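These notes are about the structure you will find just below.
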Amino acid sequence: MKKIPISVLVLIYTKKKDILILKKKNNKDLWQSVTGSINKGESLIDAAKREVYEETGLNTDNIVDCNKNYIFEIYDMWKHKYEDEVTHNTEHVFLLELDDKIDISLDSDEHVSYEWTSRVKAAEKVFSHTNRQAIFDLI
């Protein structure tokens, strides 16, 4: 089944503004916040909760919808996951603030490591311009 070109981006951060970033599996240096496509019939908030749980092991109802989205051209390396005529994705942004840094449980099929880092370093490391923009706009 091909992906729906609607996704969520969840910025997880602490009260001290440390930001959680995840390193993708099978990519030399591809870092990102929690992100993923919605499933058919799934609401945006449910997709955000599901992605946070799948990628970090955190089960929470404290995710905040920022009512902000970005439209971007789908990267060549992922175009095969979408229908042929699909060229752009709409990414909806959410926030999850934690009291402090915590250990998370990575989905080993998707990520190989994680780190908590400053806002500037997180923005420097993430590969996606929309992820970078969301960090600067919202945290």
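Ordering of the structure tokens sets the chain letters (A, B, ...); residue numbers start at 1 within each chain; ligands are numbered from 1 in the order shown.
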
Distance query segment 120-124 of chain A at most 7 Å, only C-alpha atoms, self and fewer than 4 positions along chain excluded, as a PyMOL selection string
chain A and resi 19+21+132+135

Could the residues in this selection be written to a file with C-alpha atoms, as a short mmCIF file (atom, residue, chain, number, x, y, z; two decimals), in the first residue's frame?
```cif
data_model
loop_
_atom_site.label_atom_id
_atom_site.label_comp_id
_atom_site.auth_asym_id
_atom_site.auth_seq_id
_atom_site.Cartn_x
_atom_site.Cartn_y
_atom_site.Cartn_z
CA ILE A 19 15.34 18.73 21.70
CA ILE A 21 16.38 13.99 17.50
CA ARG A 132 14.64 22.87 10.86
CA ILE A 135 12.44 24.06 15.46
#
```

Using DSSP assignments from the backbone, pull out every residue in segment 49-87 of chain A that falls under strand (DSSP E or B) and give it to me as a ChimeraX atom specification.
/A:64-73

Residues at most 10 Å from Asn62 of chain A, counting only C-alpha atoms, excluding those fewer than 6 positions away in the same chain, as a ChimeraX atom specification?
/A:49,95-98

Minimum-distance residue to Leu58 of chain A, chosen among A:Ile71, A:Ile12, A:Met77, A:Val86 (using only C-alpha atoms)
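Nearest candidate to Leu58 of chain A out of A:Ile71, A:Ile12, A:Met77, A:Val86: A:Ile12.
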
Check the smallest atom-to-atom distance from each of A:Lys125, A:Asn89, A:Asp109, A:Asp61 to Ile74 of chain A using only C-alpha atoms, then report the winner.
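Among the listed residues, the smallest separation from Ile74 of chain A belongs to A:Asn89.
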
Gap from atom CA of Lys2 of chain A to atom CA of His80 of chain A - Å, one decimal:
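If I compute the distance from atom CA of Lys2 of chain A to atom CA of His80 of chain A, I get 8.4 Å.
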
If you run DSSP on the backbone, which residues of segment 26-125 of chain A are alpha helix (DSSP H), as a PyMOL selection string?
chain A and resi 44-56+119-125

Can I get the selected residues back with C-alpha atoms, as a short mmCIF file (atom, residue, chain, number, x, y, z; two decimals), in the first residue's frame?
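Just written: result-v9.cif:
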```cif
data_model
loop_
_atom_site.label_atom_id
_atom_site.label_comp_id
_atom_site.auth_asym_id
_atom_site.auth_seq_id
_atom_site.Cartn_x
_atom_site.Cartn_y
_atom_site.Cartn_z
CA LEU A 44 -3.75 13.96 12.62
CA ILE A 45 -3.60 13.87 16.42
CA ASP A 46 -3.95 10.08 16.45
CA ALA A 47 -1.15 9.83 13.88
CA ALA A 48 1.04 12.06 16.05
CA LYS A 49 0.37 9.92 19.15
CA ARG A 50 1.01 6.72 17.17
CA GLU A 51 4.28 7.97 15.69
CA VAL A 52 5.54 9.17 19.09
CA TYR A 53 4.75 5.76 20.56
CA GLU A 54 6.23 3.78 17.66
CA GLU A 55 9.43 5.81 17.47
CA THR A 56 10.09 6.51 21.17
CA ARG A 119 17.85 24.00 19.65
CA VAL A 120 20.67 25.28 17.42
CA LYS A 121 22.46 21.92 17.22
CA ALA A 122 19.21 20.09 16.52
CA ALA A 123 18.41 22.52 13.70
CA GLU A 124 21.91 22.03 12.27
CA LYS A 125 21.64 18.23 12.34
#
```

Spatial neighbours of Leu20 of chain A, max dist 9 Å, only C-alpha atoms, sep filter under 4 positions, as a list of chain:residue names:
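Here the qualifying residues turn out to be A:Leu11, A:Ile12, A:Tyr13, A:Thr14, A:Gln32, A:Ser33, A:Val34, A:Lys101, A:Tyr114, A:Glu115, A:Trp116, A:Thr117, A:Ser118, A:Ala122.
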
Between atom CA of Glu85 of chain A and atom CA of Pro5 of chain A, distance in Å (one decimal):
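Distance reported for this atom pair: 10.9 Å.
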